[in-house]
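Below is start-v4.pdb, holding PDB, C-alpha atoms and all ligand atoms.
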```pdb
ATOM      1  CA  MET S   1     -21.408  18.640 -62.744
ATOM      2  CA  ILE S   2     -17.843  19.321 -63.837
ATOM      3  CA  ALA S   3     -15.494  16.440 -63.133
ATOM      4  CA  ALA S   4     -12.096  17.235 -61.660
ATOM      5  CA  VAL S   5      -9.394  16.402 -64.165
ATOM      6  CA  ARG S   6      -5.661  16.234 -63.785
ATOM      7  CA  PRO S   7      -3.625  18.378 -66.167
ATOM      8  CA  SER S   8      -2.663  16.535 -69.338
ATOM      9  CA  ILE S   9       0.885  15.348 -69.770
ATOM     10  CA  SER S  10       1.747  18.302 -72.017
ATOM     11  CA  THR S  11       0.778  20.879 -69.357
ATOM     12  CA  MET S  12       2.206  19.013 -66.384
ATOM     13  CA  PRO S  13       5.492  20.588 -65.298
ATOM     14  CA  GLY S  14       8.267  18.219 -64.395
ATOM     15  CA  LEU S  15      11.791  17.111 -64.965
ATOM     16  CA  THR S  16      12.126  15.093 -68.145
ATOM     17  CA  ILE S  17      14.664  13.674 -70.597
ATOM     18  CA  GLY S  18      17.218  16.315 -71.651
ATOM     19  CA  ASP S  19      16.676  18.543 -68.596
ATOM     20  CA  THR S  20      19.569  19.347 -66.282
ATOM     21  CA  ILE S  21      19.036  17.741 -62.889
ATOM     22  CA  PRO S  22      18.503  20.496 -60.261
ATOM     23  CA  ASP S  23      21.631  21.071 -58.194
ATOM     24  CA  LEU S  24      19.920  20.464 -54.836
ATOM     25  CA  GLU S  25      21.727  20.239 -51.541
ATOM     26  CA  LEU S  26      20.435  17.170 -49.705
ATOM     27  CA  GLU S  27      20.862  15.727 -46.219
ATOM     28  CA  THR S  28      21.785  12.080 -46.709
ATOM     29  CA  THR S  29      22.995   9.049 -44.801
ATOM     30  CA  HIS S  30      26.489  10.049 -46.058
ATOM     31  CA  GLY S  31      26.209  13.691 -44.946
ATOM     32  CA  LYS S  32      25.320  16.747 -47.076
ATOM     33  CA  ILE S  33      25.430  16.133 -50.827
ATOM     34  CA  LYS S  34      25.118  18.627 -53.706
ATOM     35  CA  ILE S  35      23.718  16.688 -56.617
ATOM     36  CA  HIS S  36      26.036  18.115 -59.323
ATOM     37  CA  ASP S  37      29.164  17.529 -57.241
ATOM     38  CA  TYR S  38      27.972  14.025 -56.462
ATOM     39  CA  VAL S  39      27.313  13.172 -60.131
ATOM     40  CA  GLY S  40      30.803  14.478 -61.026
ATOM     41  CA  ASP S  41      31.716  13.019 -64.413
ATOM     42  CA  SER S  42      29.814   9.749 -63.924
ATOM     43  CA  PHE S  43      26.427   8.369 -64.783
ATOM     44  CA  CYS S  44      24.210   8.518 -61.681
ATOM     45  CA  ILE S  45      20.906   6.840 -60.825
ATOM     46  CA  ILE S  46      18.676   8.955 -58.578
ATOM     47  CA  PHE S  47      15.726   6.909 -57.356
ATOM     48  CA  SER S  48      12.918   7.525 -54.875
ATOM     49  CA  HIS S  49      10.777   5.333 -52.630
ATOM     50  CA  PRO S  50       7.424   6.136 -51.031
ATOM     51  CA  ALA S  51       8.564   5.612 -47.432
ATOM     52  CA  ASP S  52      10.990   3.854 -45.059
ATOM     53  CA  PHE S  53       9.911   0.591 -43.424
ATOM     54  CA  THR S  54       7.451  -0.329 -46.170
ATOM     55  CA  PRO S  55       7.484  -3.750 -47.818
ATOM     56  CA  VAL S  56       8.168  -3.154 -51.521
ATOM     57  CA  CYS S  57      10.668  -0.364 -50.797
ATOM     58  CA  THR S  58      12.625  -2.665 -48.483
ATOM     59  CA  THR S  59      12.970  -5.245 -51.271
ATOM     60  CA  GLU S  60      13.919  -2.579 -53.851
ATOM     61  CA  LEU S  61      16.656  -1.011 -51.736
ATOM     62  CA  GLY S  62      18.222  -4.432 -51.238
ATOM     63  CA  GLY S  63      17.890  -5.169 -54.963
ATOM     64  CA  MET S  64      19.675  -1.931 -55.809
ATOM     65  CA  ALA S  65      22.423  -2.680 -53.273
ATOM     66  CA  LYS S  66      22.947  -6.141 -54.815
ATOM     67  CA  CYS S  67      23.491  -4.496 -58.214
ATOM     68  CA  MET S  68      26.164  -2.177 -56.807
ATOM     69  CA  PRO S  69      29.142  -4.248 -58.026
ATOM     70  CA  GLU S  70      27.639  -4.137 -61.539
ATOM     71  CA  PHE S  71      27.165  -0.357 -61.307
ATOM     72  CA  GLN S  72      30.635   0.219 -59.867
ATOM     73  CA  LYS S  73      32.147  -1.757 -62.764
ATOM     74  CA  SER S  74      30.509   0.704 -65.176
ATOM     75  CA  GLY S  75      31.307   3.759 -63.023
ATOM     76  CA  VAL S  76      27.675   4.445 -62.117
ATOM     77  CA  LYS S  77      26.775   6.172 -58.838
ATOM     78  CA  LEU S  78      23.540   5.696 -56.900
ATOM     79  CA  LEU S  79      21.519   8.141 -54.815
ATOM     80  CA  GLY S  80      18.311   7.087 -53.050
ATOM     81  CA  VAL S  81      15.588   9.521 -51.933
ATOM     82  CA  SER S  82      12.958   8.801 -49.295
ATOM     83  CA  CYS S  83      11.118  11.524 -47.347
ATOM     84  CA  ASP S  84      11.783  10.219 -43.846
ATOM     85  CA  ASP S  85      14.735  11.560 -41.886
ATOM     86  CA  VAL S  86      18.331  10.347 -41.985
ATOM     87  CA  GLU S  87      18.068   8.562 -38.590
ATOM     88  CA  SER S  88      15.076   6.610 -39.868
ATOM     89  CA  HIS S  89      16.984   5.689 -43.067
ATOM     90  CA  LYS S  90      19.925   4.391 -41.011
ATOM     91  CA  GLU S  91      17.617   2.174 -38.933
ATOM     92  CA  TRP S  92      15.790   0.997 -42.054
ATOM     93  CA  ILE S  93      19.042  -0.036 -43.782
ATOM     94  CA  LYS S  94      19.446  -2.750 -41.102
ATOM     95  CA  ASP S  95      16.134  -4.292 -42.222
ATOM     96  CA  VAL S  96      17.061  -3.951 -45.889
ATOM     97  CA  GLU S  97      20.399  -5.733 -45.474
ATOM     98  CA  SER S  98      18.845  -8.426 -43.292
ATOM     99  CA  PHE S  99      16.101  -9.141 -45.841
ATOM    100  CA  THR S 100      18.439  -9.289 -48.864
ATOM    101  CA  PRO S 101      21.443 -11.415 -47.940
ATOM    102  CA  GLY S 102      24.670 -10.201 -49.499
ATOM    103  CA  SER S 103      23.355  -6.651 -49.914
ATOM    104  CA  HIS S 104      25.286  -3.731 -48.452
ATOM    105  CA  VAL S 105      23.586  -0.369 -48.789
ATOM    106  CA  ARG S 106      26.720   1.646 -49.526
ATOM    107  CA  TYR S 107      24.960   4.356 -51.518
ATOM    108  CA  PRO S 108      23.599   7.497 -49.824
ATOM    109  CA  ILE S 109      19.880   7.879 -49.133
ATOM    110  CA  ALA S 110      18.621  11.460 -48.972
ATOM    111  CA  ALA S 111      15.974  12.719 -46.554
ATOM    112  CA  ASP S 112      13.294  15.102 -47.756
ATOM    113  CA  PRO S 113      10.977  15.890 -44.843
ATOM    114  CA  LYS S 114       9.784  19.153 -46.490
ATOM    115  CA  ARG S 115       9.112  17.447 -49.858
ATOM    116  CA  GLU S 116      11.091  20.137 -51.698
ATOM    117  CA  ALA S 117      13.429  17.686 -53.420
ATOM    118  CA  ILE S 118      10.739  15.280 -54.611
ATOM    119  CA  LYS S 119       8.826  18.197 -56.157
ATOM    120  CA  GLN S 120      11.864  19.524 -58.010
ATOM    121  CA  LEU S 121      12.891  16.056 -59.117
ATOM    122  CA  ASN S 122       9.379  15.227 -60.415
ATOM    123  CA  MET S 123       9.056  12.359 -57.977
ATOM    124  CA  VAL S 124       5.702  13.155 -56.317
ATOM    125  CA  ASP S 125       2.998  10.477 -56.471
ATOM    126  CA  PRO S 126      -0.353  12.310 -56.690
ATOM    127  CA  ASP S 127      -2.151   9.289 -55.192
ATOM    128  CA  GLU S 128       0.012   8.606 -52.136
ATOM    129  CA  LYS S 129      -0.054  10.633 -48.896
ATOM    130  CA  ASP S 130       1.428   9.984 -45.463
ATOM    131  CA  ALA S 131      -0.625   9.880 -42.222
ATOM    132  CA  GLU S 132      -0.497  13.709 -42.021
ATOM    133  CA  GLY S 133      -1.680  14.119 -45.615
ATOM    134  CA  LYS S 134       1.760  15.155 -46.914
ATOM    135  CA  PRO S 135       2.714  14.002 -50.430
ATOM    136  CA  LEU S 136       4.851  10.904 -50.866
ATOM    137  CA  PRO S 137       7.246  10.018 -53.677
ATOM    138  CA  SER S 138       6.391   7.592 -56.421
ATOM    139  CA  ARG S 139       8.934   4.976 -57.440
ATOM    140  CA  ALA S 140      10.699   7.469 -59.666
ATOM    141  CA  LEU S 141      14.134   6.927 -61.146
ATOM    142  CA  HIS S 142      16.268   9.242 -63.247
ATOM    143  CA  ILE S 143      19.459   8.139 -64.950
ATOM    144  CA  VAL S 144      21.645  11.230 -65.196
ATOM    145  CA  GLY S 145      24.643  11.478 -67.532
ATOM    146  CA  PRO S 146      28.049  13.007 -66.816
ATOM    147  CA  ASP S 147      26.681  16.226 -68.380
ATOM    148  CA  ARG S 148      24.107  16.243 -65.504
ATOM    149  CA  LYS S 149      21.243  15.871 -67.953
ATOM    150  CA  VAL S 150      18.462  13.314 -67.517
ATOM    151  CA  LYS S 151      19.058  10.501 -70.032
ATOM    152  CA  ALA S 152      16.170   8.199 -69.022
ATOM    153  CA  SER S 153      13.394   8.158 -66.420
ATOM    154  CA  MET S 154      11.063   5.546 -64.991
ATOM    155  CA  LEU S 155       7.892   6.344 -63.055
ATOM    156  CA  TYR S 156       6.149   3.524 -61.203
ATOM    157  CA  PRO S 157       3.393   3.594 -58.592
ATOM    158  CA  ALA S 158       3.894   2.471 -54.983
ATOM    159  CA  SER S 159       2.298  -0.911 -55.748
ATOM    160  CA  THR S 160       4.852  -1.963 -58.396
ATOM    161  CA  GLY S 161       8.444  -2.761 -57.472
ATOM    162  CA  ARG S 162      10.962  -2.080 -60.238
ATOM    163  CA  SER S 163      13.066  -4.623 -62.099
ATOM    164  CA  MET S 164      16.695  -3.982 -61.194
ATOM    165  CA  GLU S 165      17.698  -6.024 -64.239
ATOM    166  CA  GLU S 166      15.894  -3.464 -66.365
ATOM    167  CA  VAL S 167      17.679  -0.593 -64.614
ATOM    168  CA  VAL S 168      21.078  -2.255 -65.275
ATOM    169  CA  ARG S 169      20.071  -2.951 -68.887
ATOM    170  CA  VAL S 170      19.033   0.667 -69.540
ATOM    171  CA  VAL S 171      22.257   2.032 -68.030
ATOM    172  CA  GLN S 172      24.297  -0.289 -70.251
ATOM    173  CA  SER S 173      22.313   0.784 -73.304
ATOM    174  CA  LEU S 174      22.834   4.483 -72.460
ATOM    175  CA  GLN S 175      26.548   3.994 -71.945
ATOM    176  CA  LEU S 176      26.904   2.158 -75.273
ATOM    177  CA  ALA S 177      24.976   4.886 -77.088
ATOM    178  CA  ALA S 178      27.175   7.545 -75.436
ATOM    179  CA  LYS S 179      30.341   5.804 -76.650
ATOM    180  CA  TYR S 180      29.376   4.582 -80.123
ATOM    181  CA  MET S 181      26.884   5.776 -82.727
ATOM    182  CA  VAL S 182      24.514   2.916 -81.899
ATOM    183  CA  ALA S 183      21.145   2.195 -80.297
ATOM    184  CA  THR S 184      19.760  -0.961 -78.695
ATOM    185  CA  PRO S 185      16.770  -2.739 -80.275
ATOM    186  CA  VAL S 186      13.743  -4.402 -78.714
ATOM    187  CA  ASN S 187      14.480  -6.713 -75.770
ATOM    188  CA  TRP S 188      18.219  -6.083 -76.183
ATOM    189  CA  LYS S 189      20.466  -7.627 -73.564
ATOM    190  CA  PRO S 190      24.153  -6.857 -72.963
ATOM    191  CA  GLY S 191      26.188  -8.817 -75.518
ATOM    192  CA  ASP S 192      23.407  -8.841 -78.151
ATOM    193  CA  PRO S 193      23.934  -7.062 -81.496
ATOM    194  CA  VAL S 194      23.094  -3.342 -81.574
ATOM    195  CA  VAL S 195      21.767  -1.185 -84.398
ATOM    196  CA  ILE S 196      23.747   1.587 -86.081
ATOM    197  CA  SER S 197      22.206   5.041 -85.560
ATOM    198  CA  PRO S 198      20.190   6.337 -88.530
ATOM    199  CA  GLY S 199      22.358   9.474 -88.902
ATOM    200  CA  VAL S 200      25.424   7.383 -89.791
ATOM    201  CA  SER S 201      25.950   6.798 -93.544
ATOM    202  CA  ASP S 202      27.109   3.377 -94.789
ATOM    203  CA  GLU S 203      30.502   4.904 -95.643
ATOM    204  CA  GLU S 204      30.905   6.260 -92.109
ATOM    205  CA  ALA S 205      29.648   2.969 -90.672
ATOM    206  CA  LYS S 206      32.412   1.074 -92.529
ATOM    207  CA  ARG S 207      35.021   3.266 -90.804
ATOM    208  CA  MET S 208      33.320   3.281 -87.383
ATOM    209  CA  PHE S 209      32.578  -0.436 -87.264
ATOM    210  CA  PRO S 210      35.540  -2.265 -88.869
ATOM    211  CA  GLN S 211      34.100  -5.520 -87.483
ATOM    212  CA  GLY S 212      31.384  -5.072 -90.145
ATOM    213  CA  PHE S 213      27.612  -4.786 -90.051
ATOM    214  CA  GLU S 214      24.624  -6.577 -91.493
ATOM    215  CA  VAL S 215      21.998  -4.627 -93.427
ATOM    216  CA  LYS S 216      18.554  -6.228 -93.143
ATOM    217  CA  ASP S 217      16.744  -6.634 -96.438
ATOM    218  CA  LEU S 218      13.300  -5.081 -95.884
ATOM    219  CA  PRO S 219      10.455  -4.480 -98.359
ATOM    220  CA  SER S 220      11.231  -0.736 -98.477
ATOM    221  CA  LYS S 221      14.860  -1.474 -99.553
ATOM    222  CA  LYS S 222      15.882   1.595 -97.518
ATOM    223  CA  GLY S 223      18.778  -0.194 -95.765
ATOM    224  CA  TYR S 224      18.227   1.551 -92.444
ATOM    225  CA  LEU S 225      18.213  -1.509 -90.187
ATOM    226  CA  ARG S 226      21.905  -2.287 -89.712
ATOM    227  CA  PHE S 227      23.144  -4.610 -86.970
ATOM    228  CA  THR S 228      26.663  -4.745 -85.618
ATOM    229  CA  GLN S 229      28.372  -6.426 -82.693
ATOM    230  CA  ILE S 230      30.217  -4.365 -80.080
ATOM    231  CA  GLU S 231      32.665  -6.302 -77.923
ATOM    232  CA  SER S 232      32.419  -5.320 -74.253
TER
HETATM  233  C1  LIG O 301       5.588  -0.513 -50.189
HETATM  234  O1  LIG O 301       6.757  -0.201 -50.253
HETATM  235  O2  LIG O 301       5.252  -1.682 -50.073
HETATM  236  C2  LIG O 301       4.500   0.526 -50.290
HETATM  237  C3  LIG O 301       4.759   1.824 -49.911
HETATM  238  C4  LIG O 301       3.737   2.763 -49.976
HETATM  239  C5  LIG O 301       2.491   2.385 -50.438
HETATM  240  C6  LIG O 301       2.263   1.073 -50.833
HETATM  241  C7  LIG O 301       3.267   0.140 -50.757
END
```
Structure encoded using structure tokens:
Amino acid sequence: MIAAVRPSISTMPGLTIGDTIPDLELETTHGKIKIHDYVGDSFCIIFSHPADFTPVCTTELGGMAKCMPEFQKSGVKLLGVSCDDVESHKEWIKDVESFTPGSHVRYPIAADPKREAIKQLNMVDPDEKDAEGKPLPSRALHIVGPDRKVKASMLYPASTGRSMEEVVRVVQSLQLAAKYMVATPVNWKPGDPVVISPGVSDEEAKRMFPQGFEVKDLPSKKGYLRFTQIES
């Protein structure tokens, strides 16, 4: 008997890092939105949820709303996607705000009853279907840059709620890397030292980072692990 197998990652089509986000026109709780116009010249987080009025999604939407002041400070926009219709989203927001005190869902949530958007945005969960057998979104999240290209993506199943702290952390890392020739090391948190990108020579690094940098002495003596501190 031949077992059914899913296509391997390399043959699976789907939006990934470096791709331009499709310029879809979406019905949202804030009216019609064209994704490229909405992104404008900001970073934008586009995130999906399996369905309205479900437990984990309700906690996540509130978590995202609570992070809004943090995102606004860094000029980051948010756009939620859930397949149910706009009227359902508006009703659901009342539950979300009631469950998470202090949260105000001020970001738009798109409807996608035909599942066109979730397919184009690579947000379909192959294991989740609604009562009519229609596909449902995974907990997908794309962080899009001002150039409308995907800078980072997260894909979680319905059973695992995301860490909003991690989303904030990744956005801050991306924004630092976009501004300076740096990258953020393991378990980096805002305010921690960053590493200087490998393409930067020591001479260039001296000009770019007048605050100085520390070269770690490693067995290879290659001098590639250089830490510096960026003031926020
Ligand atoms: C939830 O949000 O809790 C959920 C949604 C769909 C499937 C499983 C859990």
Q | Pick from S:Val81, S:Leu225, S:Leu61, S:Val56, whichever lies nearest to ligand LIG 301 (chain O) using all atoms listed in the file | A |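 Among the listed residues, S:Val56 lies closest to ligand LIG 301 (chain O).
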(Q) Every residue with an atom at most 9 Å from (33.5, 4.9, -81.0) (file coordinates; only C-alpha atoms) is what I'm after, so could you write them as number ranges by chain? (A) S: 178-181, 208-209
Q. Once the PyMOL selection byres (((chain S and resi 137-152) around 9) and not hetatm) has been applied to the shown file, what residues remain in the selection, as JSON, numbers by chain?
A. {"S": [15, 16, 17, 18, 19, 20, 21, 22, 35, 36, 39, 40, 41, 42, 43, 44, 45, 46, 47, 48, 49, 50, 51, 57, 81, 82, 83, 115, 118, 119, 121, 122, 123, 124, 125, 126, 127, 128, 129, 135, 136, 153, 154, 155, 156, 157, 158, 160, 161, 162, 167, 170, 171, 174, 175]}
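The residue that comes closest to Gln172 (chain S), out of S:Ser232, S:His89, S:Leu24, S:Phe227 and on the basis of all atoms listed in the file, is S:Ser232.
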Q: Measure the distance from CA of Pro55 (chain S) to CA of Asp95 (chain S) in Å and round it to one decimal.
A: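 Atom-to-atom, CA of Pro55 (chain S) to CA of Asp95 (chain S), that is 10.3 Å.
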Listed atoms of ligand LIG 301 (chain O) boxed axis-aligned with 3 Å per side, centre + edges as JSON:
```
{"center_x": 4.5, "center_y": 0.5, "center_z": -50.4, "size_x": 10.5, "size_y": 10.4, "size_z": 6.9}
```
Q: Within 12 Å of Asp85 (chain S), counting only C-alpha atoms, which residues show up once you throw out same-chain ones fewer than 4 positions away? Write them as a ChimeraX atom specification, please.
A: /S:26-29,51-52,81,89-92,109-115
Q.
Nearest residue to ligand LIG 301 (chain O) out of S:Asp130, S:Glu166, S:Asp23, S:Glu87, using all atoms listed in the file?
A.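 Distance minimum relative to ligand LIG 301 (chain O) lands on S:Asp130.
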Q. Could you write out as a list in words the residues that the PyMOL selection byres (((chain S and resi 62) around 9) and not hetatm) matches in the shown file?
A.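 Answer for the PyMOL selection byres (((chain S and resi 62) around 9) and not hetatm): Cys57, Thr58, Thr59, Glu60, Leu61, Gly63, Met64, Ala65, Lys66, Cys67, Ile93, Val96, Glu97, Ser98, Phe99, Thr100, Pro101, Gly102, Ser103, His104 and Val105 of chain S.
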Q: Measure the distance from CA of Val200 (chain S) to CA of Ser74 (chain S) in Å and round it to one decimal.
A: 26.0 Å
Q: Have a look at CA of Lys222 (chain S) and CA of Ala177 (chain S) and let me know their distance in Å, one decimal.
A: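 Value for the CA of Lys222 (chain S)-CA of Ala177 (chain S) distance: 22.6 Å.
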Q) Between S:Tyr224, S:Phe53, S:Tyr38, S:Tyr107, which one has atoms that come closest to ligand LIG 301 (chain O), using all atoms listed in the file? A)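 Among the listed residues, the smallest separation from ligand LIG 301 (chain O) belongs to S:Phe53.
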Please provide the set of residues having any atom within 9 Å of Lys189 (chain S), restricted to only C-alpha atoms, with same-chain residues fewer than 5 positions apart removed, written as a short mmCIF file (atom, residue, chain, number, x, y, z; two decimals) with C-alpha atoms, keeping the file's coordinate frame.
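Once written, result-v5.cif looks like this:
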```cif
data_model
loop_
_atom_site.label_atom_id
_atom_site.label_comp_id
_atom_site.auth_asym_id
_atom_site.auth_seq_id
_atom_site.Cartn_x
_atom_site.Cartn_y
_atom_site.Cartn_z
CA ARG S 169 20.07 -2.95 -68.89
CA GLN S 172 24.30 -0.29 -70.25
CA SER S 173 22.31 0.78 -73.30
CA THR S 184 19.76 -0.96 -78.69
#
```
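With distances taken over only C-alpha atoms and all ligand atoms, S:Ala131 is the one residue among S:Val86, S:Ala131, S:Leu176, S:Leu79 lying closest to ligand LIG 301 (chain O).
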Q: Measuring atom to atom with only C-alpha atoms and all ligand atoms, identify which of S:Met164, S:Gly75, S:Pro193, S:Ser159 is nearest to ligand LIG 301 (chain O).
A: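 Among the listed residues, the smallest separation from ligand LIG 301 (chain O) belongs to S:Ser159.
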Q.
Could you list, as a PyMOL selection string, every residue within 10 Å of Ala205 (chain S), counting all atoms listed in the file and ignoring same-chain residues fewer than 4 positions away?
A. chain S and resi 181+196-197+199-201+209-210+212-213+226+228
